[in-house]
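Engineer: Contents of input.cif (mmCIF, C-alpha atoms):
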```cif
data_coords
#
loop_
_atom_site.label_atom_id
_atom_site.label_comp_id
_atom_site.auth_asym_id
_atom_site.auth_seq_id
_atom_site.Cartn_x
_atom_site.Cartn_y
_atom_site.Cartn_z
CA MET A 11 79.04 82.41 62.94
CA VAL A 12 81.06 83.61 59.95
CA TYR A 13 81.83 80.01 59.00
CA TYR A 14 78.14 79.14 58.80
CA LEU A 15 77.70 82.21 56.60
CA ILE A 16 80.49 80.96 54.31
CA ALA A 17 78.80 77.55 54.10
CA PHE A 18 75.43 79.18 53.38
CA VAL A 19 76.81 81.43 50.61
CA LEU A 20 78.54 78.44 48.97
CA PHE A 21 75.31 76.45 49.28
CA LEU A 22 73.39 79.26 47.54
CA ILE A 23 75.97 79.54 44.75
CA ASP A 24 75.85 75.77 44.25
CA GLN A 25 72.05 75.63 44.20
CA GLY A 26 71.83 78.69 41.93
CA THR A 27 74.20 77.26 39.35
CA LYS A 28 72.44 73.88 39.43
CA TYR A 29 69.08 75.59 38.97
CA LEU A 30 70.38 77.48 35.93
CA ILE A 31 71.78 74.31 34.37
CA ALA A 32 68.66 72.22 35.05
CA SER A 33 66.27 74.91 33.82
CA LYS A 34 68.18 76.29 30.82
CA LEU A 35 69.88 73.24 29.31
CA GLU A 36 68.57 69.95 28.05
CA LEU A 37 70.12 66.86 29.61
CA TYR A 38 73.58 66.26 28.04
CA GLU A 39 73.48 69.60 26.22
CA GLN A 40 76.94 71.17 26.09
CA ILE A 41 78.28 74.71 25.95
CA PRO A 42 81.98 74.99 25.08
CA VAL A 43 83.74 77.46 27.38
CA ILE A 44 87.38 76.81 26.44
CA GLY A 45 87.26 74.76 23.25
CA ASP A 46 87.04 71.04 23.98
CA PHE A 47 89.01 71.44 27.22
CA PHE A 48 86.25 72.96 29.40
CA LEU A 49 82.55 72.56 28.70
CA ILE A 50 79.35 73.21 30.61
CA THR A 51 77.50 69.89 30.24
CA SER A 52 74.10 69.21 31.77
CA SER A 53 74.39 65.87 33.53
CA ARG A 54 72.82 64.01 36.44
CA ASN A 55 74.46 61.67 38.95
CA ARG A 56 72.51 59.21 41.06
CA GLY A 57 75.66 58.11 42.86
CA ALA A 58 78.70 59.59 44.57
CA ALA A 59 82.01 60.82 43.18
CA PHE A 60 82.86 59.27 39.83
CA GLY A 61 79.37 57.73 39.72
CA ILE A 62 80.05 55.08 42.36
CA LEU A 63 77.22 53.72 44.54
CA GLN A 64 74.50 54.48 41.98
CA ASP A 65 70.92 54.62 43.29
CA GLN A 66 71.87 54.34 46.98
CA LEU A 67 69.73 57.36 47.96
CA TRP A 68 69.00 56.35 51.57
CA PHE A 69 72.63 55.53 52.17
CA PHE A 70 73.61 59.04 51.03
CA ILE A 71 70.90 60.69 53.11
CA VAL A 72 71.91 58.88 56.30
CA VAL A 73 75.65 59.34 55.76
CA THR A 74 75.23 63.02 54.88
CA LEU A 75 73.15 63.68 58.00
CA ILE A 76 75.84 62.05 60.15
CA VAL A 77 78.64 63.93 58.37
CA VAL A 78 76.84 67.28 58.59
CA GLY A 79 76.16 66.73 62.29
CA GLY A 80 79.82 65.90 62.86
CA ILE A 81 81.00 68.93 60.91
CA VAL A 82 78.69 71.29 62.82
CA TRP A 83 79.88 69.85 66.16
CA TYR A 84 83.56 70.03 65.19
CA LEU A 85 83.20 73.47 63.62
CA ARG A 86 81.83 74.83 66.90
CA LYS A 87 84.73 73.23 68.77
CA VAL A 88 87.58 74.50 66.55
CA SER A 89 86.05 77.96 66.09
CA LYS A 90 86.47 78.54 69.83
CA GLU A 91 90.19 77.70 69.55
CA GLY A 92 90.81 80.75 67.36
CA ARG A 93 91.98 78.73 64.38
CA LYS A 94 91.13 80.03 60.90
CA LEU A 95 92.10 77.49 58.24
CA LEU A 96 90.37 74.43 59.69
CA PRO A 97 87.01 76.14 60.32
CA THR A 98 87.12 77.62 56.80
CA ALA A 99 87.82 74.15 55.38
CA LEU A 100 84.95 72.69 57.40
CA ALA A 101 82.65 75.47 56.13
CA LEU A 102 83.54 74.53 52.55
CA VAL A 103 82.78 70.86 53.17
CA LEU A 104 79.55 71.76 54.98
CA GLY A 105 78.29 74.00 52.17
CA GLY A 106 79.14 71.38 49.54
CA ALA A 107 77.65 68.49 51.49
CA LEU A 108 74.40 70.39 52.02
CA GLY A 109 74.25 71.38 48.35
CA ASN A 110 74.44 67.80 47.11
CA PHE A 111 72.22 66.59 49.98
CA ILE A 112 69.36 68.89 48.94
CA ASP A 113 69.62 67.65 45.34
CA ARG A 114 69.45 64.03 46.45
CA LEU A 115 66.63 64.69 48.89
CA LEU A 116 64.45 66.67 46.46
CA MET A 117 65.29 65.05 43.11
CA GLY A 118 66.97 61.75 43.92
CA GLU A 119 70.03 62.82 41.92
CA VAL A 120 72.69 65.51 41.77
CA VAL A 121 73.00 68.07 38.96
CA ASP A 122 76.54 68.07 37.56
CA PHE A 123 77.80 70.40 34.84
CA LEU A 124 81.55 71.14 34.94
CA GLN A 125 83.33 68.98 32.37
CA PHE A 126 87.07 68.96 31.67
CA ASN A 127 88.73 67.01 28.90
CA PHE A 128 92.43 66.20 28.86
CA GLY A 129 93.06 64.94 25.35
CA SER A 130 90.98 61.80 24.99
CA TYR A 131 90.35 61.56 28.75
CA THR A 132 87.20 63.16 30.14
CA PHE A 133 87.32 63.85 33.87
CA PRO A 134 84.01 62.91 35.57
CA ILE A 135 81.54 65.81 35.39
CA PHE A 136 81.11 67.63 38.72
CA ASN A 137 79.53 70.72 40.29
CA ILE A 138 80.28 73.60 42.68
CA ALA A 139 79.39 71.51 45.77
CA ASP A 140 81.86 68.82 44.72
CA SER A 141 84.53 71.50 44.27
CA CYS A 142 83.82 72.89 47.74
CA ILE A 143 84.12 69.43 49.28
CA VAL A 144 87.40 68.63 47.50
CA ILE A 145 88.96 72.02 48.31
CA GLY A 146 87.72 71.76 51.91
CA VAL A 147 89.21 68.29 52.36
CA GLY A 148 92.47 69.52 50.82
CA LEU A 149 92.55 72.41 53.30
CA ILE A 150 91.82 70.01 56.18
CA ILE A 151 94.84 67.94 55.12
CA LEU A 152 96.96 71.10 54.83
CA ASP A 153 95.82 72.26 58.29
CA THR A 154 96.65 68.85 59.74
CA LEU A 155 100.16 69.01 58.26
CA LEU A 156 100.69 72.59 59.44
CA GLU A 157 99.37 71.80 62.93
CA GLY A 158 101.71 68.80 63.16
CA ARG A 159 104.60 71.03 62.14
CA ARG A 160 103.61 73.68 64.72
CA GLU A 161 103.41 71.04 67.45
CA LYS A 162 106.80 69.64 66.44
CA ILE A 163 108.38 73.11 66.55
CA GLN A 164 106.74 73.84 69.91
CA THR A 165 107.91 70.51 71.36
CA THR A 166 111.43 71.09 70.05
CA SER A 167 111.56 74.59 71.51
CA GLU A 168 110.24 73.37 74.88
CA VAL A 169 112.83 70.59 75.00
CA SER A 170 115.67 72.93 74.10
CA GLY A 171 114.47 75.54 76.59
CA THR A 172 113.70 78.21 74.00
CA GLU A 173 109.95 78.40 74.59
CA GLY A 174 108.25 81.10 72.54
CA ASN A 175 111.22 81.62 70.16
CA GLU A 176 109.80 79.88 67.10
#
```
Show this structure as structure tokens.

Structural biologist:
Amino acid sequence: MVYYLIAFVLFLIDQGTKYLIASKLELYEQIPVIGDFFLITSSRNRGAAFGILQDQLWFFIVVTLIVVGGIVWYLRKVSKEGRKLLPTALALVLGGALGNFIDRLLMGEVVDFLQFNFGSYTFPIFNIADSCIVIGVGLIILDTLLEGRREKIQTTSEVSGTEGNE
């Protein structure tokens, strides 16, 4: 249950920050936070990451419903195994996916506002939900690597007859 609480809190933070941006700033209005490097910029995205698949609302709704269903099913499964990193990662992805899903469902677009500039390059503007999804996916990859390593160590110790001496 704690993982659903994590997802819900992240969802609330995401929706709260998007509400503040949408209600307090004009579209494309900017607030410098760290010079030209980091700005709060009111933006909207009708597509996915980096603006791909613009105006494919029904595609996003269907895919998100499938993904959320899969995450909830898998989260229940891995939570029972006593693992910590993978369920936390799934909670991050779940909270982020639901945050962007609600935007698309209610407004047909996602509110983005975190802008980073690296010299003349501007990284695509994103939001808290996007950050949760990226961090969650990164943690899923890390968990997969760590689990593979644990299985390799366990297999090696079983083969050499030193079970339990990792």

Engineer: So the first atom is atom CA of A:Phe70 and the second is atom CA of A:Gly109; what is the distance between them in Å, to one decimal place?

Structural biologist: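 Computed distance, atom CA of A:Phe70 to atom CA of A:Gly109, equals 12.6 Å.
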
Engineer: Can you turn the PyMOL selection byres ((chain A and resi 112-122) around 10) into a concrete residue list for this file, as a PyMOL selection string?

Structural biologist: chain A and resi 21+24-25+27-29+31-32+37+50-58+64-68+70-71+107-111+123-125+134-140

Engineer: Pick from A:Val78, A:Ile163, A:Val103, A:Val19: nearest to A:Gly148, with only C-alpha atoms counted?

Structural biologist: A:Val103

Engineer: Once the PyMOL selection byres ((chain A and resi 13) around 10) has been applied to the shown file, what residues remain in the selection, as an MDAnalysis selection string?

Structural biologist: chainID A and resid 11:12 14:19 85:86 89 94 97:102 104:105

Engineer: Would you mind reading off the distance between atom CA of A:Leu30 and atom CA of A:Pro42, one decimal, in Å?

Structural biologist: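 Interatomic distance here is 16.1 Å.
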
Engineer: Could you check the closest approach to A:Arg93 for each of A:Ile150, A:Val169, A:Leu35, A:Val77 and tell me which residue wins, using all atoms listed in the file?

Structural biologist: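 Comparing A:Ile150, A:Val169, A:Leu35, A:Val77 against A:Arg93, the winner is A:Ile150.
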
Engineer: Measuring atom to atom with all atoms listed in the file, identify which of A:Val43, A:Leu49, A:Ile81, A:Leu20 is nearest to A:Leu96.

Structural biologist: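 Distance minimum relative to A:Leu96 lands on A:Ile81.
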
Engineer: Quick one, how far is atom CA of A:Leu95 from atom CA of A:Asp153?

Structural biologist: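 Taking atom CA of A:Leu95 as the start and atom CA of A:Asp153 as the end point, the length is 6.4 Å.
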